[in-house]
Amino acid sequence: MKKEIDTKGAVSKSFARKMESISPFELKNKLIEMADESIKKQAHTMLNAGRGNPNWIATTPREAFFTLGKFGLEECRRVMYLPEGVAGIPQKDGIAARFETFLKTNHNLPGVNLLKETYQYMLLQHAVDPDTLVHEWAESVIGDQYPVPDRILHYTELIVQDYLAQELCDRRPPKGKFDLFATEGGTAAMCYIFDSLQQNYLLNHGDSIALMIPVFTPYIEIPQLRRYQFDVTEIAADTRTPDGLHTWQYDDKDIDKLKDPKIKALFITNPSNPPSYMLSPETAARIVEIVKNNNPNLMIITDDVYGTFIPHFRSLMAEIPDNTLCVYSFSKYFGATGWRDAVIALHENNIYDRMIANLPEDKKEILNKRYSSLTLAPEKMKFIDRMVADSRQIALNHTAGLSLPQQIQMSLFSAFSLLDKEDKYKNKMQEMIHRRLKALWDSTGFTLVDDPLRVGYYSEIDMLVWGKIFYGDDFVEYLKKTYSPLDVVFRLANETSLVLLNGGGFAGPEWSVRVSLANLNEKDYIKIGQGIKRILDEYADTWKILRK
């Protein structure tokens with residue numbers, strides 16, 4: 001790569017253009033290499049704000065997990081213990097009474113209060129059988145069984161349903177219930193959804209879908225794969241204020257493209273990634289009306305991982321439950337990317353099941369054969385259960401499901417939020433990223449207009465917008481003619497050891513950069529903001545010299 005960089009640290013235009021075809025997450029590795037080289041040459045510390053991995057964790061749910069693990073091991077040793085390190089497995093009879101004794105005896109252990117309150121919550125809110133509940137918990141934390149039910153454990157589903165009703169439905173869930181499928185992070189959820197939609201003839205090769213952009217890059221790349229090759233209509237969040245600032249919302253005329261029944265599915269990340277804004281209530285209402293009046297079989301796949309970072313978030317799953325498949329990951333909010341905890345939520349009454357039931361007879365016959373080894377009535381299998389089977393190539397359905405320890409940690413994450421009646425954790429999370437966002441923008445010298453729809457987990461900064469405001473239209477034209485849009489992120493990495501991602505890789509404005517507000521400390525964002533402004537000013541200094 002060195003020969004592609006001149007003595008001033010700029011990359012060649014031809015090299016930058018070649019790299020424009022690379023996913024921003026793969027490009028990040030190149031930028032880290034450049035930042036490493038910069039560190040060797042100068043007294044810099046590399047600041048990587050490219051990936052959205054948080055630099056925080058939720059402590060209490062983890063403390064509860066490890067304390068529950070202590071109880072689980074005691075239960076195993078109670079049944080059988082050999083000095084060689086062999087124990088039995090938890091037994092159900094009387095286990096609730098032993099758990100209550102454990103809580104009293106170990107009342108000073110970290111996380112005990114959450115375990116106690118979660119136990120009481122399940123007894124009072126769901127009238128569960130105590131022995132059955134605690135036995136599921138003990139086996140889950142020990143991980144001594146295959147997941148049964150394979151889609152999600154019974155009590156995990158109950159508590160996560162409550163969590164989603166609170167966090168994604170603003171405590172106002174629609175009637176009925178959502179069936180959940182616990183998955184290995186949002187990554188697996190995405191793969192399973194695309195696969196099963198095609199396997200069940202709900203989306204076929206070359207079908208038309210709509211994609212609300214900017215968006216998480218895999219939602220752009222997966223539809224282009226040879227297996228799918230969907231005809232994609234992009235709906236861009238390109239509305240602006242009168243003075244040219246992005247509002248990152250959608251024009252009604254673009255939303256109205258969804259009225260076309262040829263568009264079979266809509267994919268949306270809400271709040272967006274980047275630029276991290278919640279869908280406006282007006283746009284959400286317009287989509288609801290279109291589904292009701294124009295395109296009733298529109299499948300909506302919404303990825304709502306950032307919904308907990310803004311007050312009173314309400315997902316499309318709450319507004320159009322029949323049509324919406326929701327993906328929710330616990331990774332960002334709880335600092336748990338390594339746990340790989342997520343769910344797919346689908347309402348018990350949904351268009352997916354109805355459309356499968358109305359398929360032509362030849363396709364239904366193919367599907368009945370596909371799932372015939374699992375049930376005597378494959379035609380009655382719910383779509384969400386088909387996803388579980390598809391995730392293990394049907395034949396391995398009997399060993400499908402998210403591991404039990406992952407599911408109990410998911411349960412404890414959910415319980416922690418449900419029992420936090422004053423939203424202390426949520427308020428602190430939101431305050432923390434907003435402080436970082438302010439530090440970033442204050443140090444750029446750019447103006448960040450107040451917006452109640454802004455989440456702030458990421459920030460997308462369009463260099464052309466600020467180039468125009470500071471230096472005018474001629475300067476913007478000079479930038480576009482002289483440099484590649486990737487030059488900004490390359491120069492930041494090479495000259496200042498700052499790693500950001502290119503907004504164009506998310507189908508955002510080509511000259512924008514994405515900054516994650518999750519993975520560095522507040523003071524680091526001051527340096528990032530200064531670095532962004534410095535690069536813009538350096539471009540302008542060169543332009544001014546050339547104009548003389």
# chains A, B, ... in the order shown; residues from 1 in each chain; ligands from 1

call {"tool": "closest_atom_pairs", "arguments": {"of": "region 116-227 of chain A", "to": "region 351-355 of chain A", "cutoff": "10 Å", "atoms": "only C-alpha atoms", "output": "JSON lines"}}
result
{"residue": "A:Leu197", "atom": "CA", "partner": "A:Tyr352", "partner_atom": "CA", "distance": 8.8}
{"residue": "A:Asn200", "atom": "CA", "partner": "A:Tyr352", "partner_atom": "CA", "distance": 9.4}
{"residue": "A:Tyr201", "atom": "CA", "partner": "A:Met355", "partner_atom": "CA", "distance": 9.2}
{"residue": "A:Leu202", "atom": "CA", "partner": "A:Met355", "partner_atom": "CA", "distance": 7.4}

call {"tool": "write_last_selection", "arguments": {"atoms": "N, CA and C atoms", "output": "compact mmCIF listing (two decimals), in the first residue's frame"}}
result
# COMPACT_ATOMS: atom_id res chain seq x y z
N LEU A 197 -37.22 -16.67 3.66
CA LEU A 197 -38.12 -15.98 2.75
C LEU A 197 -38.04 -16.58 1.35
N ASN A 200 -39.30 -20.43 1.19
CA ASN A 200 -40.75 -20.58 1.28
C ASN A 200 -41.50 -19.78 0.21
N TYR A 201 -40.78 -19.38 -0.83
CA TYR A 201 -41.38 -18.72 -2.01
C TYR A 201 -42.04 -17.38 -1.69
N LEU A 202 -41.61 -16.76 -0.58
CA LEU A 202 -42.14 -15.44 -0.26
C LEU A 202 -41.36 -14.35 -0.98

call {"tool": "select_by_dssp", "arguments": {"residues": "region 464-518 of chain A", "states": "strand (DSSP E or B)", "output": "list in words"}}
result
Leu498, Val499, Leu501, Asn502, Ser512, Val513, Arg514, Val515 and Ser516 of chain A

call {"tool": "closest_residue", "arguments": {"among": "A:Pro378, A:Pro214, A:Pro61, A:Pro130", "to": "Ala236 (chain A)", "atoms": "only C-alpha atoms"}}
result
A:Pro214

call {"tool": "residues_around", "arguments": {"residues": "Glu348 (chain A)", "least_positions_apart": "4", "cutoff": "12 Å", "atoms": "only C-alpha atoms", "output": "list in words"}}
result
Pro174, Lys175, Gly176, Lys177, Phe178, Asp179, Leu180, Met317, Pro321, Asp322, Asn323, Thr324, Leu325, Tyr352, Asp353, Arg354, Lys382, Phe383, Ile384 and Asp385 of chain A

call {"tool": "select_by_dssp", "arguments": {"residues": "region 276-309 of chain A", "states": "helix (DSSP H, G or I)", "output": "list of chain:residue names"}}
result
A:Pro281, A:Glu282, A:Thr283, A:Ala284, A:Ala285, A:Arg286, A:Ile287, A:Val288, A:Glu289, A:Ile290, A:Val291, A:Lys292, A:Asn293, A:Gly307, A:Thr308, A:Phe309

call {"tool": "write_last_selection", "arguments": {"atoms": "N, CA and C atoms", "output": "compact mmCIF listing (two decimals), in the first residue's frame"}}
result
# COMPACT_ATOMS: atom_id res chain seq x y z
N PRO A 281 -42.57 9.96 13.07
CA PRO A 281 -43.94 9.43 13.23
C PRO A 281 -44.78 9.62 11.97
N GLU A 282 -44.54 10.71 11.24
CA GLU A 282 -45.31 10.98 10.02
C GLU A 282 -45.00 9.93 8.95
N THR A 283 -43.72 9.59 8.81
CA THR A 283 -43.35 8.58 7.81
C THR A 283 -43.86 7.21 8.22
N ALA A 284 -43.75 6.89 9.50
CA ALA A 284 -44.27 5.61 9.99
C ALA A 284 -45.77 5.50 9.71
N ALA A 285 -46.50 6.58 9.97
CA ALA A 285 -47.95 6.58 9.74
C ALA A 285 -48.25 6.43 8.25
N ARG A 286 -47.41 7.02 7.41
CA ARG A 286 -47.63 6.91 5.96
C ARG A 286 -47.42 5.47 5.48
N ILE A 287 -46.42 4.80 6.03
CA ILE A 287 -46.18 3.40 5.69
C ILE A 287 -47.37 2.54 6.14
N VAL A 288 -47.89 2.83 7.33
CA VAL A 288 -49.06 2.09 7.83
C VAL A 288 -50.24 2.24 6.87
N GLU A 289 -50.48 3.45 6.42
CA GLU A 289 -51.60 3.71 5.50
C GLU A 289 -51.39 3.00 4.16
N ILE A 290 -50.16 2.99 3.67
CA ILE A 290 -49.87 2.32 2.40
C ILE A 290 -50.14 0.83 2.52
N VAL A 291 -49.73 0.23 3.64
CA VAL A 291 -49.99 -1.19 3.84
C VAL A 291 -51.49 -1.47 3.91
N LYS A 292 -52.21 -0.62 4.59
CA LYS A 292 -53.65 -0.83 4.75
C LYS A 292 -54.40 -0.65 3.43
N ASN A 293 -54.00 0.33 2.64
CA ASN A 293 -54.81 0.74 1.49
C ASN A 293 -54.25 0.34 0.13
N GLY A 307 -33.06 0.98 19.03
CA GLY A 307 -34.28 1.59 19.53
C GLY A 307 -34.22 1.99 20.99
N THR A 308 -33.37 1.33 21.78
CA THR A 308 -33.29 1.64 23.20
C THR A 308 -32.50 2.92 23.49
N PHE A 309 -31.91 3.51 22.47
CA PHE A 309 -31.08 4.69 22.69
C PHE A 309 -31.83 6.00 22.47

call {"tool": "residues_around", "arguments": {"residues": "Asp254 (chain A)", "least_positions_apart": "2", "cutoff": "9 Å", "atoms": "only C-alpha atoms", "output": "PyMOL selection string"}}
result
chain A and resi 234-236+250-252+256-258

call {"tool": "residues_around", "arguments": {"residues": "region 244-246 of chain A", "least_positions_apart": "6", "cutoff": "12 Å", "atoms": "only C-alpha atoms", "output": "VMD selection string"}}
result
chain A and resid 236 to 238 275 277 446 to 451 454 459 to 469 508 to 509 512

call {"tool": "closest_residue", "arguments": {"among": "A:Lys481, A:Arg514, A:Arg534, A:Arg370", "to": "Ala395 (chain A)", "atoms": "only C-alpha atoms"}}
result
A:Arg370

call {"tool": "closest_residue", "arguments": {"among": "A:Ile526, A:Ala182, A:Ile433, A:Ile356", "to": "Ala400 (chain A)", "atoms": "only C-alpha atoms"}}
result
A:Ala182

call {"tool": "atom_distance", "arguments": {"atom1": "CA of Tyr478 (chain A)", "atom2": "CA of Thr444 (chain A)"}}
result
21.3 Å
